[in-house]
Amino acid sequence: MSAVARHNVKTTGSDARAMVFAHGFGCDQSMWRHVAPHFEGNFNVITFDHIGAGGSDAGGYDPAKYDTLNGYASDVVEIGEELNIRDGILVGHSVSAMIGALAHVERPDVFSTLVMVGPSPRYIDDTSYKGGFTVDDITDLLASLEENPLAWSASMAPMIVGNPDQPEHGQELADSICKLDPVIANGFARATFTSDNREDLCKISARTLILQCRDDIIASEHVGRYVHGKIPGSKFVLLDATGHCPNLTAPKEVVSAIRDFVS
Amino acid sequence: MKEPKNVSFGSETLPARYGLLTTDQTGKVVATNERLALWLGLDAFQMIDARFVEMLTIASRIVFETSIVPLLSLHGHVDGVSLDLTDAEGNKLPVLLSAEETGAGERKVTSFVFLLADARRAYERDLSDARTKAEDQLTTSLHEAQLREQFIAILGHDLRNPLASIRSAMNILSREPLSQRSQDIVELTNGSVRRMSLLIQNVLDFARNRLGSGIHLTVTTGTDLEAELEQVVAELRSAQADREIQLETSDLDTVRCDVSKVGQLLSNLLGNAVTYGDPSQPIQVRAVRPGADSFELSVKNYGSAIPETAMAKLFDPFVRSTSQEDQQGLGLGLHIASEIAKAHGGSLRVRSDDSFTCFTLLIPQGVSN
């Protein structure tokens, strides 16, 4: 099965430069539905689902591969290769900001521009680094996900794997926003919140934009500024939006910041 | 749904056991109720302007920001989400939460309703533990069952060699000049060897079938079938000299089947007929071609009917008669006979009433043209 099929890749827009939107932990490509369509006029807009999310095919799930964010990054590279992307723009939200950065480091020719929305290279505090969470916080999170798989009953219902030949498929997908495979989601949570990719930041040679929200408890402002400081020549924009999901809560601000950067 | 502005603060009587909370577009509390304030050990008025997300445990904050916020935004509502609030003393307060987002832009508000879910959460945890335990036990049981069946297969195989030696020894002995008594002993021993071979073959077929490889067939077309059926009947006649066994065959030259398996099936059915049939009346074996393409083999004995209760499980393995006269054997005979029928794409049927009992093998496509 191709990566394009496996990851439910959707392609719209023109034949121009590719702009790939990567969703973070906790949802699927519908995270980008208020942002991505605004770029269809000038870009080849590509959205996809990470393994275990939305309409992805979880058949090939290998826990060892997805032990770290590199497994997710290699999927993004594979999609880029299959679509013959050159000098593409990779827009990554939350953990996918770092996944995108890893994909760029692996194949800088495929992705040469990065937009990082709410990035964090490490969520757990270190001696002089404030990631925002203690080891105990993350242990608590992972334990509560493990021990209480019904916790997200609303969002973690079993994924609907529909048959594209059947007309009701579209309806099913519309109803399955943010459907996650619980086992894979727990693995994704572990890979995300125990990651430490600080050393990878200096390997980034892409033109990079960092979009930072106010009052973001997942990736706070000083973490965003830390990322900005480690990536030479990067641009840092502090949005008026609050929380962790400006692509949903303040899409206009996000669209205009990205447009300013890429045009 | 009740408008948030209708929620009263500081009233003498507490609302029913649900917590209410409303936030503005930035996630700050604009209204709450006494019940929630009481649960959290806070003053309802002091909760105003605080950020709702900070009333959650750290783990729940992450779940809320990464999973619940997108759902609220894309779906407009969430129902029955399990999260943990944290009270003024830092204690965890498991709740069930539903929420709805209304309005847009600066007028966007989100209304939450909470129910305490401590007992329910414990119940869910128990359910989840029970499921994990059941899955583990199932895995272990399946593994053990497979080992047992492998053991049976190996045992059955290993028992064949010494049995073959006994058979050869009896062959050699029978060529010597023997007293009548010794000849009888050789004949009895041969009968036991045949009986044991059949038991081993049945057990082996059973184990292989359970291990998933099914009953192995070597299908041929030819004249061997009639000879094989005659041989099976002759063997039983010599072992059961006091029983009359009639054999009728016709037109079997073009029948396609595994000859030795059909012979085994007949042995099993005959064993059954000898055990349960009326000894004063004959057992009738018929092998015929009822249609151009089909083959039929039936074994009929006279005597009392198979009890109604036994009929339903007749072809299940390890089912034995509960009557006094037969307390031997594994109860595999009819099961294997039926599996042999299925392997040939056919069926084994039984008809039983107070006058006679008749088992019939029918192979619909059992003839090569």
# chains A, B, ... in the order shown; residues from 1 in each chain; ligands from 1
call {"tool": "residues_around", "arguments": {"residues": "stretch 22-28 of chain A", "least_positions_apart": "2", "cutoff": "9 Å", "atoms": "only C-alpha atoms", "output": "PyMOL selection string"}}
result
(chain A and resi 20+30-32+46-50+53-55+76+90-97+99-100+155+177-180+185+188-189+192) or (chain B and resi 63+65-68+70-71)
call {"tool": "write_last_selection", "arguments": {"atoms": "N, CA, C and O atoms", "output": "compact mmCIF listing (two decimals), in the first residue's frame"}}
result
# COMPACT_ATOMS: atom_id res chain seq x y z
N VAL A 20 2.24 21.23 2.46
CA VAL A 20 1.73 20.06 3.17
C VAL A 20 1.35 20.48 4.60
O VAL A 20 2.15 21.11 5.29
N SER A 30 -8.66 17.12 9.79
CA SER A 30 -9.73 18.13 9.83
C SER A 30 -9.33 19.34 10.68
O SER A 30 -9.96 20.40 10.59
N MET A 31 -8.26 19.21 11.47
CA MET A 31 -7.68 20.36 12.19
C MET A 31 -7.38 21.53 11.25
O MET A 31 -7.30 22.68 11.68
N TRP A 32 -7.14 21.22 9.98
CA TRP A 32 -6.70 22.27 9.04
C TRP A 32 -7.82 22.77 8.15
O TRP A 32 -7.57 23.55 7.24
N ILE A 46 -1.87 19.95 0.34
CA ILE A 46 -1.89 18.51 0.67
C ILE A 46 -2.16 18.34 2.16
O ILE A 46 -1.47 18.95 2.99
N THR A 47 -3.18 17.57 2.50
CA THR A 47 -3.41 17.23 3.92
C THR A 47 -3.42 15.71 4.05
O THR A 47 -3.65 14.98 3.08
N PHE A 48 -3.13 15.22 5.23
CA PHE A 48 -3.07 13.76 5.45
C PHE A 48 -3.34 13.45 6.92
O PHE A 48 -3.36 14.34 7.76
N ASP A 49 -3.56 12.15 7.21
CA ASP A 49 -3.75 11.69 8.60
C ASP A 49 -2.53 10.88 9.02
O ASP A 49 -2.11 9.98 8.29
N HIS A 50 -2.01 11.18 10.20
CA HIS A 50 -0.96 10.32 10.76
C HIS A 50 -1.56 8.94 11.04
O HIS A 50 -2.78 8.80 11.18
N ALA A 53 -4.96 7.85 13.02
CA ALA A 53 -5.87 9.00 13.10
C ALA A 53 -6.75 9.05 11.87
O ALA A 53 -6.35 8.63 10.78
N GLY A 54 -7.96 9.58 12.05
CA GLY A 54 -8.88 9.83 10.94
C GLY A 54 -9.05 8.65 10.01
O GLY A 54 -9.36 7.55 10.44
N GLY A 55 -8.80 8.87 8.72
CA GLY A 55 -9.02 7.82 7.73
C GLY A 55 -7.76 7.07 7.35
O GLY A 55 -7.69 6.47 6.28
N VAL A 76 6.05 11.15 6.62
CA VAL A 76 5.88 12.43 5.92
C VAL A 76 6.83 12.49 4.72
O VAL A 76 6.45 12.91 3.62
N LEU A 90 6.23 22.83 4.54
CA LEU A 90 5.61 21.92 5.48
C LEU A 90 5.07 22.71 6.66
O LEU A 90 5.83 23.34 7.40
N VAL A 91 3.73 22.70 6.82
CA VAL A 91 3.09 23.42 7.92
C VAL A 91 2.71 22.38 8.97
O VAL A 91 1.86 21.52 8.72
N GLY A 92 3.35 22.44 10.15
CA GLY A 92 3.08 21.42 11.16
C GLY A 92 2.54 22.05 12.43
O GLY A 92 3.08 23.04 12.92
N HIS A 93 1.45 21.45 12.94
CA HIS A 93 0.87 21.96 14.19
C HIS A 93 1.30 21.08 15.35
O HIS A 93 1.36 19.86 15.22
N SER A 94 1.59 21.73 16.50
CA SER A 94 1.88 21.01 17.73
C SER A 94 3.06 20.06 17.52
O SER A 94 4.09 20.48 17.01
N VAL A 95 2.91 18.77 17.84
CA VAL A 95 4.03 17.85 17.72
C VAL A 95 4.48 17.72 16.26
O VAL A 95 5.64 17.42 15.98
N SER A 96 3.57 17.98 15.33
CA SER A 96 3.96 17.87 13.92
C SER A 96 4.86 19.01 13.46
O SER A 96 5.43 18.94 12.38
N ALA A 97 5.00 20.05 14.27
CA ALA A 97 6.00 21.07 13.96
C ALA A 97 7.38 20.42 14.03
O ALA A 97 8.22 20.62 13.15
N ILE A 99 7.86 17.03 13.99
CA ILE A 99 7.88 15.94 13.01
C ILE A 99 8.26 16.50 11.64
O ILE A 99 9.09 15.92 10.92
N GLY A 100 7.69 17.68 11.31
CA GLY A 100 8.01 18.34 10.04
C GLY A 100 9.48 18.72 9.97
O GLY A 100 10.14 18.55 8.93
N SER A 155 -14.03 11.09 21.65
CA SER A 155 -13.09 11.26 20.54
C SER A 155 -12.36 9.98 20.17
O SER A 155 -11.77 9.88 19.12
N ILE A 177 -14.88 12.91 12.64
CA ILE A 177 -13.85 13.91 12.95
C ILE A 177 -13.06 13.48 14.17
O ILE A 177 -13.62 13.13 15.20
N CYS A 178 -11.76 13.52 14.04
CA CYS A 178 -10.86 13.25 15.17
C CYS A 178 -11.02 11.84 15.73
O CYS A 178 -10.74 11.61 16.91
N LYS A 179 -11.44 10.89 14.91
CA LYS A 179 -11.48 9.52 15.40
C LYS A 179 -10.06 8.99 15.50
O LYS A 179 -9.27 9.15 14.59
N LEU A 180 -9.76 8.37 16.63
CA LEU A 180 -8.41 7.86 16.84
C LEU A 180 -8.47 6.40 17.25
O LEU A 180 -9.38 6.00 17.94
N ALA A 185 -3.04 5.87 19.53
CA ALA A 185 -3.05 7.20 20.15
C ALA A 185 -2.20 7.22 21.42
O ALA A 185 -1.46 8.16 21.67
N PHE A 188 1.29 7.33 20.35
CA PHE A 188 1.62 8.67 19.84
C PHE A 188 1.83 9.63 21.01
O PHE A 188 2.74 10.45 21.00
N ALA A 189 0.99 9.50 22.05
CA ALA A 189 1.14 10.35 23.24
C ALA A 189 2.50 10.12 23.88
O ALA A 189 3.22 11.05 24.24
N THR A 192 5.25 11.53 21.71
CA THR A 192 5.20 13.00 21.71
C THR A 192 5.75 13.56 23.02
O THR A 192 6.68 14.37 23.02
N VAL B 63 -5.15 16.45 27.56
CA VAL B 63 -6.24 15.84 26.80
C VAL B 63 -7.23 16.91 26.33
O VAL B 63 -7.68 16.91 25.18
N GLU B 65 -6.75 20.22 25.83
CA GLU B 65 -6.22 21.12 24.80
C GLU B 65 -6.01 20.42 23.46
O GLU B 65 -6.19 21.02 22.41
N THR B 66 -5.57 19.15 23.50
CA THR B 66 -5.22 18.50 22.24
C THR B 66 -6.41 17.77 21.60
O THR B 66 -6.43 17.58 20.39
N SER B 67 -7.38 17.35 22.40
CA SER B 67 -8.45 16.51 21.84
C SER B 67 -9.84 17.10 22.00
O SER B 67 -10.67 16.97 21.10
N ILE B 68 -10.11 17.72 23.13
CA ILE B 68 -11.48 18.20 23.37
C ILE B 68 -11.71 19.55 22.67
O ILE B 68 -12.76 19.77 22.07
N PRO B 70 -10.32 20.70 19.83
CA PRO B 70 -10.63 20.49 18.41
C PRO B 70 -12.03 19.94 18.18
O PRO B 70 -12.73 20.39 17.26
N LEU B 71 -12.46 19.01 19.01
CA LEU B 71 -13.80 18.44 18.84
C LEU B 71 -14.88 19.50 19.03
O LEU B 71 -15.84 19.57 18.27
call {"tool": "residues_around", "arguments": {"residues": "stretch 205-216 of chain B", "least_positions_apart": "3", "cutoff": "7 Å", "atoms": "only C-alpha atoms", "output": "ChimeraX atom specification"}}
result
/B:146,149,152-153,201-202,336,340,343
call {"tool": "residues_around", "arguments": {"residues": "B:Ala234", "least_positions_apart": "5", "cutoff": "10 Å", "atoms": "only C-alpha atoms", "output": "list in words"}}
result
Glu228, Leu229, Ala239, Gln240, Ile245 and Leu247 of chain B
call {"tool": "select_by_dssp", "arguments": {"residues": "stretch 67-102 of chain B", "states": "strand (DSSP E or B)", "output": "mmCIF file with C-alpha atoms, in the first residue's frame"}}
result
data_model
loop_
_atom_site.group_PDB
_atom_site.id
_atom_site.type_symbol
_atom_site.label_atom_id
_atom_site.label_comp_id
_atom_site.auth_asym_id
_atom_site.auth_seq_id
_atom_site.Cartn_x
_atom_site.Cartn_y
_atom_site.Cartn_z
ATOM 1 C CA HIS B 77 -20.201 19.766 21.237
ATOM 2 C CA VAL B 78 -18.786 16.795 23.132
ATOM 3 C CA ASP B 79 -20.724 14.296 25.245
ATOM 4 C CA GLY B 80 -19.667 12.115 28.145
ATOM 5 C CA VAL B 81 -15.933 12.779 28.238
ATOM 6 C CA SER B 82 -14.049 11.506 31.291
ATOM 7 C CA LEU B 83 -11.662 14.077 32.745
ATOM 8 C CA ASP B 84 -10.275 14.946 36.180
ATOM 9 C CA LEU B 85 -10.820 18.273 37.908
ATOM 10 C CA THR B 86 -8.511 19.286 40.715
ATOM 11 C CA LYS B 92 -8.334 14.672 41.904
ATOM 12 C CA LEU B 93 -12.062 14.876 41.146
ATOM 13 C CA PRO B 94 -13.107 12.470 38.369
ATOM 14 C CA VAL B 95 -15.989 13.915 36.355
ATOM 15 C CA LEU B 96 -18.044 13.150 33.304
ATOM 16 C CA LEU B 97 -18.208 16.228 31.114
ATOM 17 C CA SER B 98 -20.425 17.407 28.286
ATOM 18 C CA ALA B 99 -19.955 20.748 26.593
ATOM 19 C CA GLU B 100 -21.351 22.899 23.816
ATOM 20 C CA GLU B 101 -19.874 25.825 21.954
ATOM 21 C CA THR B 102 -22.198 28.604 20.742
#
call {"tool": "atom_distance", "arguments": {"atom1": "atom CA of A:Asp75", "atom2": "atom CA of A:Met98"}}
result
13.5 Å
call {"tool": "residues_around", "arguments": {"residues": "A:Val105", "least_positions_apart": "6", "cutoff": "8 Å", "atoms": "only C-alpha atoms", "output": "list in words"}}
result
Lys203, Ile204 and Ser205 of chain A
call {"tool": "write_last_selection", "arguments": {"atoms": "N, CA and C atoms", "output": "mmCIF file, in the first residue's frame"}}
result
data_model
loop_
_atom_site.group_PDB
_atom_site.id
_atom_site.type_symbol
_atom_site.label_atom_id
_atom_site.label_comp_id
_atom_site.auth_asym_id
_atom_site.auth_seq_id
_atom_site.Cartn_x
_atom_site.Cartn_y
_atom_site.Cartn_z
ATOM 1 N N LYS A 203 20.026 21.589 13.230
ATOM 2 C CA LYS A 203 20.244 20.984 11.905
ATOM 3 C C LYS A 203 19.291 21.542 10.863
ATOM 4 N N ILE A 204 18.377 22.425 11.320
ATOM 5 C CA ILE A 204 17.365 22.934 10.401
ATOM 6 C C ILE A 204 17.955 24.037 9.537
ATOM 7 N N SER A 205 17.913 23.830 8.218
ATOM 8 C CA SER A 205 18.431 24.840 7.297
ATOM 9 C C SER A 205 17.299 25.496 6.518
#
call {"tool": "select_by_dssp", "arguments": {"residues": "stretch 52-244 of chain A", "states": "helix (DSSP H, G or I)", "output": "mmCIF file with C-alpha atoms, in the first residue's frame"}}
result
data_model
loop_
_atom_site.group_PDB
_atom_site.id
_atom_site.type_symbol
_atom_site.label_atom_id
_atom_site.label_comp_id
_atom_site.auth_asym_id
_atom_site.auth_seq_id
_atom_site.Cartn_x
_atom_site.Cartn_y
_atom_site.Cartn_z
ATOM 1 C CA ALA A 58 -3.583 1.301 10.762
ATOM 2 C CA GLY A 59 -2.913 -2.134 9.284
ATOM 3 C CA GLY A 60 0.832 -1.639 9.161
ATOM 4 C CA LYS A 65 8.773 2.202 14.286
ATOM 5 C CA TYR A 66 6.552 4.737 16.056
ATOM 6 C CA ASP A 67 8.494 4.625 19.299
ATOM 7 C CA LEU A 69 8.851 10.954 16.303
ATOM 8 C CA ASN A 70 11.269 9.762 13.596
ATOM 9 C CA GLY A 71 8.790 7.042 12.607
ATOM 10 C CA TYR A 72 6.138 9.686 11.976
ATOM 11 C CA ALA A 73 8.680 11.877 10.138
ATOM 12 C CA SER A 74 9.602 9.021 7.797
ATOM 13 C CA ASP A 75 5.907 8.723 6.826
ATOM 14 C CA VAL A 76 5.883 12.430 5.922
ATOM 15 C CA VAL A 77 9.053 11.988 3.838
ATOM 16 C CA GLU A 78 7.479 8.992 2.098
ATOM 17 C CA ILE A 79 4.381 11.009 1.209
ATOM 18 C CA GLY A 80 6.618 13.815 -0.139
ATOM 19 C CA GLU A 81 8.604 11.349 -2.249
ATOM 20 C CA GLU A 82 5.515 9.658 -3.672
ATOM 21 C CA VAL A 95 4.033 17.850 17.723
ATOM 22 C CA SER A 96 3.962 17.867 13.921
ATOM 23 C CA ALA A 97 5.995 21.066 13.962
ATOM 24 C CA MET A 98 8.891 18.914 15.202
ATOM 25 C CA ILE A 99 7.878 15.937 13.008
ATOM 26 C CA GLY A 100 8.011 18.339 10.038
ATOM 27 C CA ALA A 101 11.422 19.605 11.134
ATOM 28 C CA LEU A 102 12.717 16.002 11.289
ATOM 29 C CA ALA A 103 11.295 15.314 7.821
ATOM 30 C CA HIS A 104 13.082 18.445 6.534
ATOM 31 C CA VAL A 105 16.387 17.385 8.138
ATOM 32 C CA GLU A 106 16.072 13.999 6.435
ATOM 33 C CA VAL A 135 8.300 13.717 34.521
ATOM 34 C CA ASP A 136 5.478 12.940 36.971
ATOM 35 C CA ASP A 137 2.960 14.956 34.945
ATOM 36 C CA ILE A 138 3.729 12.982 31.803
ATOM 37 C CA THR A 139 3.846 9.659 33.681
ATOM 38 C CA ASP A 140 0.395 10.589 35.023
ATOM 39 C CA LEU A 141 -0.881 11.392 31.542
ATOM 40 C CA LEU A 142 0.393 8.146 30.035
ATOM 41 C CA ALA A 143 -0.862 6.106 32.988
ATOM 42 C CA SER A 144 -4.310 7.685 32.814
ATOM 43 C CA LEU A 145 -4.502 6.955 29.076
ATOM 44 C CA GLU A 146 -3.358 3.374 29.637
ATOM 45 C CA GLU A 147 -5.565 2.640 32.601
ATOM 46 C CA GLU A 168 -22.297 6.414 2.584
ATOM 47 C CA HIS A 169 -18.520 6.572 2.986
ATOM 48 C CA GLY A 170 -18.470 10.349 2.694
ATOM 49 C CA GLN A 171 -21.072 10.672 5.406
ATOM 50 C CA GLU A 172 -19.150 8.327 7.659
ATOM 51 C CA LEU A 173 -15.985 10.352 7.255
ATOM 52 C CA ALA A 174 -17.815 13.585 7.955
ATOM 53 C CA ASP A 175 -19.048 12.046 11.190
ATOM 54 C CA PRO A 182 -6.872 4.154 21.136
ATOM 55 C CA VAL A 183 -3.800 1.908 21.149
ATOM 56 C CA ILE A 184 -1.971 3.941 18.504
ATOM 57 C CA ALA A 185 -3.045 7.203 20.146
ATOM 58 C CA ASN A 186 -1.454 6.067 23.406
ATOM 59 C CA GLY A 187 1.742 5.257 21.528
ATOM 60 C CA PHE A 188 1.617 8.668 19.838
ATOM 61 C CA ALA A 189 1.136 10.345 23.238
ATOM 62 C CA ARG A 190 4.175 8.510 24.600
ATOM 63 C CA ALA A 191 6.357 9.367 21.576
ATOM 64 C CA THR A 192 5.201 12.998 21.713
ATOM 65 C CA PHE A 193 5.450 13.813 25.385
ATOM 66 C CA ARG A 198 16.439 19.945 21.036
ATOM 67 C CA GLU A 199 19.620 18.731 19.323
ATOM 68 C CA ASP A 200 17.809 18.528 15.982
ATOM 69 C CA LEU A 201 16.872 22.223 15.936
ATOM 70 C CA CYS A 202 20.362 23.355 14.902
ATOM 71 C CA LYS A 203 20.244 20.984 11.905
ATOM 72 C CA GLU A 221 5.722 31.261 24.723
ATOM 73 C CA HIS A 222 9.215 30.822 26.112
ATOM 74 C CA VAL A 223 9.436 27.367 24.510
ATOM 75 C CA GLY A 224 8.465 28.980 21.180
ATOM 76 C CA ARG A 225 11.156 31.610 21.685
ATOM 77 C CA TYR A 226 13.666 28.870 22.583
ATOM 78 C CA VAL A 227 12.924 27.169 19.230
ATOM 79 C CA HIS A 228 13.260 30.543 17.470
ATOM 80 C CA GLY A 229 16.653 31.103 19.125
ATOM 81 C CA LYS A 230 17.972 27.706 18.001
#
